[in-house]
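**Student:** I have a structure here, written as structure tokens, and I will follow up with some questions on it.
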Amino acid sequence: MIGAYNAAPYLGEAIESVLAQTYRPLELIVVDDGSDDGTAEVARSFGDAVIYSYQENGGNGSARNHAVRLASGELFAFLDADDRFVPDKLEWQWRELEADPELDVVFGHVLEFVSPELTEEQRASVRPPAPEAAAWTAPNLMLIRRARFLEVGPFSESVRVGVTVDWYARATEAGLRMLMLPNVVLERRLHLTNNGLRESDSRGQYLHVLKAALDRRRAAAEQGGNGA
């Protein structure tokens with residue numbers, strides 16, 4: 001599932017990286033989050049290989065939730081419109097879920113790269129990519145069982161940044177069994193319009209998300225103590 005907002009320059013590569021997966025069958029959903037560039041044309045150029053849906057702009061969390069409502073599969077995977085899956089991503093993760101029925105979600109490592117079309121001047125304004133692959137528990141690196149995703153609940157639509165932090169905190173609180181693969185499963189593009197840059201005015205929402213998670217844990221601990 002791909003949520004896309006004004007992602008025309010990169011969406012094609014993201015879609016191609018999904019269609020190149022060694023795992024089948026695939027259901028690929030692109031939710032256009034109110035784009036006013038060529039995002040719709042890029043998505044529709046792939047024909048029946050992509051389920052395309054448009055919505056008024058609601059943010060990344062809203063676009064992902066819209067995609068979830070359209071999805072019919074028993075396993076969920078998410079991808080940002082400017083990033084790329086490696087070809088074996090879904091197969092590696094599916095094998096782990098198949099081997100252990102008690103496992104709920106599988107993550108992997110991410111490798112960053114600077115988008116090649118940037119000029120030297122533009123590259124100077126983008127932070128350097130991490131020198132090594134890193135373990136990351138973001139939704140766009142995971143493969144998760146549908147039932148367990150729904151148990152955690154949808155992505156937050158009340159914040160523009162911190163959506164990932166909020167969802168992972170709730171997944172941890174729900175007791176999901178997680179596995180981190182050593183494999184690189186995602187290539188993360190660094191460019192001039194990454195979501196963290198585009199939503200820079202909303203970064204204070206990270207503190208709101210973290211405080212909410214701490215408040216939930218504190219309340220759960222107090223209830224446990226009272227129960228004892």
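As shown in the structure tokens, the chain order sets the letters A, B, ...; within each chain, residues go from 1, and ligands are also counted from 1 in the order they appear.
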Need the shell around region 91-98 of chain A: protein/DNA/RNA residues with any atom at most 10 Å away, counting only C-alpha atoms. Skip same-chain ones fewer than 3 positions apart. Format as a PyMOL selection string?
**Tutor:** chain A and resi 21-24+75+87-88+101-108+141-145+179-181+183+185
**Student:** Let me see the file: selected residues, N, CA and C atoms, as an mmCIF file, in the first residue's frame.
**Tutor:**
data_model
loop_
_atom_site.group_PDB
_atom_site.id
_atom_site.type_symbol
_atom_site.label_atom_id
_atom_site.label_comp_id
_atom_site.auth_asym_id
_atom_site.auth_seq_id
_atom_site.Cartn_x
_atom_site.Cartn_y
_atom_site.Cartn_z
ATOM 1 N N GLN A 21 8.832 -7.652 -7.049
ATOM 2 C CA GLN A 21 8.967 -8.569 -5.922
ATOM 3 C C GLN A 21 8.931 -10.025 -6.371
ATOM 4 N N THR A 22 9.745 -10.849 -5.729
ATOM 5 C CA THR A 22 9.760 -12.277 -6.029
ATOM 6 C C THR A 22 8.553 -12.980 -5.423
ATOM 7 N N TYR A 23 7.858 -12.319 -4.504
ATOM 8 C CA TYR A 23 6.676 -12.902 -3.852
ATOM 9 C C TYR A 23 5.418 -12.634 -4.685
ATOM 10 N N ARG A 24 4.581 -13.628 -4.781
ATOM 11 C CA ARG A 24 3.270 -13.512 -5.401
ATOM 12 C C ARG A 24 2.269 -14.338 -4.590
ATOM 13 N N LEU A 75 -2.018 -10.209 4.522
ATOM 14 C CA LEU A 75 -0.750 -9.631 4.951
ATOM 15 C C LEU A 75 -0.690 -8.196 4.427
ATOM 16 N N PRO A 87 14.106 -6.435 -4.166
ATOM 17 C CA PRO A 87 13.263 -7.454 -4.823
ATOM 18 C C PRO A 87 12.791 -8.591 -3.932
ATOM 19 N N ASP A 88 13.584 -9.000 -2.928
ATOM 20 C CA ASP A 88 13.221 -10.148 -2.094
ATOM 21 C C ASP A 88 12.527 -9.752 -0.795
ATOM 22 N N PRO A 101 3.821 -19.380 13.225
ATOM 23 C CA PRO A 101 2.455 -18.850 13.274
ATOM 24 C C PRO A 101 2.219 -17.866 14.417
ATOM 25 N N GLU A 102 3.078 -17.873 15.431
ATOM 26 C CA GLU A 102 2.915 -16.965 16.563
ATOM 27 C C GLU A 102 3.551 -15.604 16.309
ATOM 28 N N LEU A 103 4.303 -15.496 15.225
ATOM 29 C CA LEU A 103 4.961 -14.238 14.891
ATOM 30 C C LEU A 103 3.953 -13.308 14.220
ATOM 31 N N ASP A 104 3.954 -12.042 14.602
ATOM 32 C CA ASP A 104 2.954 -11.101 14.105
ATOM 33 C C ASP A 104 3.465 -10.164 13.017
ATOM 34 N N VAL A 105 4.704 -9.710 13.146
ATOM 35 C CA VAL A 105 5.222 -8.705 12.219
ATOM 36 C C VAL A 105 6.726 -8.881 12.058
ATOM 37 N N VAL A 106 7.207 -8.664 10.830
ATOM 38 C CA VAL A 106 8.630 -8.796 10.533
ATOM 39 C C VAL A 106 9.128 -7.472 9.946
ATOM 40 N N PHE A 107 10.209 -6.959 10.517
ATOM 41 C CA PHE A 107 10.847 -5.734 10.039
ATOM 42 C C PHE A 107 12.170 -6.097 9.356
ATOM 43 N N GLY A 108 12.900 -5.093 8.917
ATOM 44 C CA GLY A 108 14.200 -5.302 8.299
ATOM 45 C C GLY A 108 15.045 -4.047 8.395
ATOM 46 N N LEU A 141 8.799 -0.709 6.411
ATOM 47 C CA LEU A 141 9.749 -1.823 6.400
ATOM 48 C C LEU A 141 9.117 -3.128 6.850
ATOM 49 N N MET A 142 7.853 -3.106 7.195
ATOM 50 C CA MET A 142 7.279 -4.285 7.834
ATOM 51 C C MET A 142 6.368 -5.085 6.904
ATOM 52 N N LEU A 143 6.212 -6.358 7.255
ATOM 53 C CA LEU A 143 5.139 -7.195 6.745
ATOM 54 C C LEU A 143 4.398 -7.688 7.976
ATOM 55 N N ILE A 144 3.088 -7.454 8.041
ATOM 56 C CA ILE A 144 2.318 -7.713 9.237
ATOM 57 C C ILE A 144 1.041 -8.458 8.882
ATOM 58 N N ARG A 145 0.621 -9.319 9.780
ATOM 59 C CA ARG A 145 -0.637 -10.030 9.566
ATOM 60 C C ARG A 145 -1.799 -9.036 9.667
ATOM 61 N N LEU A 179 9.915 -9.511 14.776
ATOM 62 C CA LEU A 179 11.223 -10.032 14.379
ATOM 63 C C LEU A 179 11.900 -9.000 13.506
ATOM 64 N N MET A 180 13.194 -8.794 13.747
ATOM 65 C CA MET A 180 13.995 -7.888 12.927
ATOM 66 C C MET A 180 14.956 -8.708 12.069
ATOM 67 N N LEU A 181 14.773 -8.677 10.759
ATOM 68 C CA LEU A 181 15.689 -9.355 9.855
ATOM 69 C C LEU A 181 16.998 -8.565 9.719
ATOM 70 N N ASN A 183 18.529 -8.394 6.954
ATOM 71 C CA ASN A 183 18.555 -8.018 5.542
ATOM 72 C C ASN A 183 18.115 -6.571 5.328
ATOM 73 N N VAL A 185 15.814 -4.353 3.436
ATOM 74 C CA VAL A 185 14.552 -4.574 2.744
ATOM 75 C C VAL A 185 14.029 -3.303 2.067
#
**Student:** Identify, on the basis of only C-alpha atoms, every residue whose closest approach to Val18 (chain A) does not exceed 8 Å; exclude the query and any residue fewer than 5 positions from it along the same chain; express the result as a list in words.
**Tutor:** Leu28, Arg84, Phe85 and Pro87 of chain A
**Student:** DSSP on the backbone, then: every residue of region 26-193 of chain A marked alpha helix (DSSP H), written as JSON, numbers by chain.
**Tutor:** {"A": [39, 40, 41, 42, 43, 44, 60, 61, 62, 63, 64, 65, 66, 67, 68, 69, 70, 89, 90, 91, 92, 93, 94, 95, 96, 97, 98, 99, 120, 121, 122, 123, 124, 146, 147, 148, 149, 150, 151, 152, 163, 164, 165, 166, 167, 168, 169, 170, 171, 172, 173]}
**Student:** Which residues are close to Gln122 (chain A), i.e. within 9 Å by only C-alpha atoms, leaving aside same-chain residues fewer than 4 positions away? Reply as an NGL selection string.
**Tutor:** :A and (118 or 126 or 191-192)
**Student:** Could you write out, as a list in words, all the residues of region 5-50 of chain A that DSSP marks as strand (DSSP E or B)?
**Tutor:** Ile29, Val30, Val31, Asp32 and Asp33 of chain A
**Student:** Have a look at A:Leu190, A:Val152, A:Ala130, A:Val30 and name the one nearest to Glu173 (chain A); count only C-alpha atoms.
**Tutor:** A:Val152
**Student:** Taking into account only C-alpha atoms, which residue in the set A:Ala77, A:Leu70, A:Leu11, A:Val110 is nearest to Leu26 (chain A)?
**Tutor:**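 Closest to Leu26 (chain A) of all the choices is A:Ala77.
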**Student:** Which value, in Å to one decimal, gives the distance between CA of Gly38 (chain A) and CA of Phe78 (chain A)?
**Tutor:** 21.3 Å
**Student:** Which of these, A:Pro139, A:Tyr52, A:Asp83, A:Asn65, has the shortest distance to Ser115 (chain A) once you count only C-alpha atoms?
**Tutor:**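 Nearest to Ser115 (chain A): A:Asp83.
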**Student:** Work out how far apart CA of Thr193 (chain A) and CA of Ala7 (chain A) are and give it in Å to one decimal.
**Tutor:**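 Going from CA of Thr193 (chain A) over to CA of Ala7 (chain A), I get 9.5 Å.
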**Student:** Which neighbours of Glu13 (chain A) fall inside 12 Å, counting only C-alpha atoms, when residues of the same chain fewer than 5 positions from it are skipped, and could you give them as a ChimeraX atom specification?
**Tutor:** /A:2,7-8,18-20,42-43,46,79-86,115,187-189
